[in-house]
Every structure is written in C-alpha cells, then in structure tokens.
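For reference, the structure discussed in these notes is given below.
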Amino acid sequence: MSRIICISRQYATGGLEIGQKVAEALHIPCYDRELITKTAEEHQLNKNVVEEHDERAKRLLSFSPQGSLSAFSPYSGSPSAPLNDQVFYAQSDTIRRLADQGPCVFIGRCAGEVLRDRKKACRIYIYADKEFRRQRAVSQYGCPPEKVEDILKRMDKQRAFYYNFYTATEWGQTDSFDLAINSAVSGLDGAVQTILAYVRALDEQGK
C-alpha cells in the first residue's frame, strides 16, 4: 500500500478517530497535531504561533488570486507575510516532505489539495447530520449542551473558510474529494472499513 490518505472532516464527525484507526490498520503514521510541532521545528517558527494559526485564515491571500496551491511549493513563507500565511506555507511544505517519506494519513490542513498532484493521494471527506454531531460534541468533546449548536456553527464556518481561502475548491463539494462518508450512517468503524476497502480496490486496479 503506497497511498497517502488525506481526511477532511466536519467537526464532531469522528474524522480524527477514523484516520487514526485507518493508520493503525495499515501500520502507517497519522499526522494531526503532530504537524504543529514538526512545522515549527522545520521552519524555525514559534510552536505557539503555529498552534494559534493552525487551520485558521484571516485575510485575502495576496500571493495567489484564487488560492492556488501551485504557488506554495517549495516553501515560500516570507517573513513579511502575515503569520497565518507563513504557517500555512510552512505546514504545506512539511506535509509534502512527510508524504515523500511514504504512506501516511493526514487529518485536515488542506492536505488533499496540497497533495493534489500526487497520484497516490486519496482525498476523503467525513460528514454527518447535526444530531449525530451534537451528541458526539457533548459526549466525546465535553461541549456544554446549551452551547453545542453555536460551537458546531463556529467550527463549520472556521473549517470551511480556511479550506476555501487557501484552495481553488469549495469545502464539502463532492468534486473536491475522491470519497465522501456519512459517519452517522456508517459508524466510525464502518467508515474505517470503507476507507480500507476503497484503498485496497485502488491498489488492485493499479490506480
């Protein structure tokens, strides 16, 4: 298996857990918050700054009018660029380097678009209905029940804006991904098995 699996996810759909289980089943690394430390170390950035700007966008991109990721390789994080841009450029560079090392799973960070030119990169989107996500946000993440609706809206808006801001595609649109899974229907383990079956089918077909 030589696949790079890039998982985008709505908040509280279990995307991280799904990605971790896929990586465990395939015996390959899974990168989520590990990217914060690796990016900071590789590009001499303050770890707290990288964490603060992780998966966040704050202004119109001046380097590329359509957010084209083709402009982001190799690393072009000018010290004069806004911090959120510097973090994104550096993190994208780290994602490419890790992908060069071999099969792995990336969670978020527009990894699917960063690696769009890689034939072996699989772009997967995890989504679910609001009720499923509300229940998980409360039971798994400790969100106060009276605030969970606002938290879901805020996280959805933040992730969508970040993705749309730094890519030429639109968050949640089917043509931005190779496979979309409703984790409320499949369950987390079912989503894992679906991804594994999909990857095996691609390998068998030589795609």
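Residues in the structure tokens are numbered from 1 in each chain, the chains being A, B, ... in the order shown, and ligands are numbered from 1 in the order shown.
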Subject >> Shell around Cys104 in chain A at 9 Å using only C-alpha atoms, local window under 2 positions removed, as a ChimeraX atom specification >> reply: /A:2-6,23,26-31,98-99,101-102,106
Excluding Phe88 in chain A and its own-chain neighbours fewer than 5 positions away, which residues fall within 9 Å of it when counting only C-alpha atoms? Please give them as a compact mmCIF listing (two decimals) with all heavy atoms, in the first residue's frame.
# COMPACT_ATOMS: atom_id res chain seq x y z
N VAL A 50 2.43 28.74 15.59
CA VAL A 50 1.90 27.75 14.66
C VAL A 50 0.57 27.21 15.18
O VAL A 50 -0.40 27.09 14.42
CB VAL A 50 2.90 26.58 14.47
CG1 VAL A 50 2.29 25.51 13.56
CG2 VAL A 50 4.20 27.10 13.86
N HIS A 53 -2.36 29.71 14.75
CA HIS A 53 -2.81 29.93 13.38
C HIS A 53 -3.12 28.62 12.65
O HIS A 53 -3.43 28.63 11.46
CB HIS A 53 -1.76 30.73 12.60
CG HIS A 53 -1.59 32.14 13.11
ND1 HIS A 53 -2.44 33.16 12.76
CD2 HIS A 53 -0.69 32.66 13.98
CE1 HIS A 53 -2.06 34.27 13.37
NE2 HIS A 53 -1.00 34.00 14.11
N ASP A 54 -3.05 27.50 13.36
CA ASP A 54 -3.31 26.20 12.75
C ASP A 54 -4.76 26.12 12.26
O ASP A 54 -5.70 26.35 13.03
CB ASP A 54 -3.06 25.10 13.79
CG ASP A 54 -3.22 23.71 13.23
OD1 ASP A 54 -2.65 23.44 12.15
OD2 ASP A 54 -3.91 22.89 13.86
N GLU A 55 -4.95 25.81 10.98
CA GLU A 55 -6.26 25.70 10.34
C GLU A 55 -7.11 26.95 10.53
O GLU A 55 -8.32 26.90 10.74
CB GLU A 55 -7.01 24.47 10.84
CG GLU A 55 -6.38 23.16 10.40
CD GLU A 55 -7.29 21.97 10.51
OE1 GLU A 55 -7.44 21.44 11.64
OE2 GLU A 55 -7.87 21.56 9.49
N ARG A 56 -6.46 28.12 10.43
CA ARG A 56 -7.18 29.39 10.51
C ARG A 56 -6.69 30.32 9.41
O ARG A 56 -5.51 30.34 9.09
CB ARG A 56 -6.96 30.06 11.88
CG ARG A 56 -7.69 29.35 13.01
CD ARG A 56 -7.35 29.98 14.35
NE ARG A 56 -8.17 29.43 15.42
CZ ARG A 56 -7.95 28.28 16.02
NH1 ARG A 56 -6.93 27.53 15.66
NH2 ARG A 56 -8.75 27.86 16.98
N ALA A 57 -7.62 31.09 8.86
CA ALA A 57 -7.29 32.08 7.83
C ALA A 57 -7.91 33.40 8.24
O ALA A 57 -9.00 33.44 8.80
CB ALA A 57 -7.83 31.63 6.48
N PHE A 72 2.69 27.37 -3.69
CA PHE A 72 3.19 27.12 -2.35
C PHE A 72 4.31 26.10 -2.29
O PHE A 72 4.62 25.59 -1.23
CB PHE A 72 2.04 26.66 -1.44
CG PHE A 72 0.91 27.62 -1.36
CD1 PHE A 72 -0.36 27.18 -1.04
CD2 PHE A 72 1.10 28.97 -1.61
CE1 PHE A 72 -1.41 28.07 -0.96
CE2 PHE A 72 0.06 29.86 -1.54
CZ PHE A 72 -1.20 29.41 -1.22
N GLY A 77 7.25 30.96 2.59
CA GLY A 77 6.73 31.78 3.69
C GLY A 77 7.63 32.96 4.00
O GLY A 77 8.48 32.91 4.89
N LEU A 83 1.24 36.16 9.56
CA LEU A 83 1.60 34.92 10.26
C LEU A 83 0.77 33.73 9.82
O LEU A 83 1.27 32.62 9.70
CB LEU A 83 1.46 35.12 11.78
CG LEU A 83 2.58 35.92 12.44
CD1 LEU A 83 2.24 36.18 13.91
CD2 LEU A 83 3.91 35.20 12.33
N ASP A 93 4.55 22.75 3.24
CA ASP A 93 5.87 22.22 2.91
C ASP A 93 6.17 20.97 3.74
O ASP A 93 6.70 19.98 3.23
CB ASP A 93 6.92 23.30 3.18
CG ASP A 93 8.30 22.90 2.69
OD1 ASP A 93 8.49 22.77 1.47
OD2 ASP A 93 9.18 22.69 3.54
N ARG A 109 -5.89 20.33 7.40
CA ARG A 109 -4.82 21.18 6.89
C ARG A 109 -4.78 21.27 5.36
O ARG A 109 -3.74 21.49 4.76
CB ARG A 109 -3.45 20.72 7.38
CG ARG A 109 -3.14 21.16 8.82
CD ARG A 109 -3.80 20.21 9.80
NE ARG A 109 -3.55 20.60 11.18
CZ ARG A 109 -4.01 19.92 12.22
NH1 ARG A 109 -4.72 18.82 12.03
NH2 ARG A 109 -3.78 20.33 13.43
N TYR A 166 -7.63 28.97 1.17
CA TYR A 166 -6.31 28.54 0.71
C TYR A 166 -6.33 27.56 -0.46
O TYR A 166 -5.28 27.06 -0.87
CB TYR A 166 -5.54 27.90 1.87
CG TYR A 166 -4.95 28.92 2.81
CD1 TYR A 166 -5.33 28.97 4.14
CD2 TYR A 166 -4.01 29.85 2.37
CE1 TYR A 166 -4.79 29.90 5.01
CE2 TYR A 166 -3.47 30.79 3.22
CZ TYR A 166 -3.86 30.81 4.55
OH TYR A 166 -3.33 31.74 5.40
**OP:** Mind checking which residues fall within 12 Å of range 116-118 of chain A, counting only C-alpha atoms, ignoring those fewer than 2 positions away in the same chain, and posting them as a ChimeraX atom specification?
**Re:** /A:2-6,68-70,73,92,95-96,99-100,102-103,110-114,120-123,167-169,176-178,207
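Nearest residue to Glu52 in chain A, choosing from A:Val87, A:Met155, A:Leu188, A:Ala25 and counting only C-alpha atoms: A:Val87.
Across the structure, CA of Ala12 in chain A and CA of Arg136 in chain A are spaced 5.8 Å apart.
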**OP:** Just the strand (DSSP E) stuff from chain A, please, per backbone DSSP, written as a VMD selection string.
**Re:** chain A and resid 4 to 9 30 to 31 104 to 107 121 to 127 179 to 182
Subject >> Selection: 12 Å around Asp129 in chain A, only C-alpha atoms, excl. self and same-chain fewer than 3 positions, as a ChimeraX atom specification >> reply: /A:10-13,126,132-136,152,181-186
Using C-alpha atoms, can you write the selected residues to a file as a short mmCIF file (atom, residue, chain, number, x, y, z; two decimals), in the first residue's frame?
data_model
loop_
_atom_site.label_atom_id
_atom_site.label_comp_id
_atom_site.auth_asym_id
_atom_site.auth_seq_id
_atom_site.Cartn_x
_atom_site.Cartn_y
_atom_site.Cartn_z
CA GLN A 10 -16.78 18.27 9.68
CA TYR A 11 -16.45 18.93 13.39
CA ALA A 12 -17.59 16.08 15.68
CA THR A 13 -17.94 13.50 12.91
CA ILE A 126 -16.18 12.75 6.56
CA PHE A 132 -25.10 12.84 15.47
CA ARG A 133 -22.55 15.63 15.70
CA ARG A 134 -24.33 17.32 18.61
CA GLN A 135 -24.32 14.09 20.58
CA ARG A 136 -20.63 13.43 19.88
CA LEU A 152 -20.89 23.44 15.63
CA ILE A 181 -18.57 9.06 4.01
CA ASN A 182 -21.51 9.81 6.28
CA SER A 183 -20.17 8.61 9.64
CA ALA A 184 -23.61 8.88 11.23
CA VAL A 185 -24.77 6.13 8.87
CA SER A 186 -21.62 4.01 8.65
#
Original post:
In Å, with one decimal, what is the gap from CA of Ser8 in chain A to CA of Ile124 in chain A?
Top reply: 6.1 Å
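When only C-alpha atoms are used to measure the gap to Asp85 in chain A, the shortest distance among A:Val192, A:Val49, A:Tyr198, A:Val138 belongs to A:Val49.
When CA of Gly190 in chain A is paired with CA of Ile7 in chain A, their separation reads 15.3 Å.
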Original post:
What residues in chain A get the DSSP label helix (DSSP H, G or I)? Please answer as number ranges by chain.
Top reply: A: 15-26, 34-42, 47-53, 69-72, 83-101, 111-114, 130-139, 148-166, 174-176, 183-205
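Counting only C-alpha atoms, the residue from A:Ala197, A:Leu35, A:Ala128, A:Ala81 that sits nearest to Arg97 in chain A is A:Leu35.
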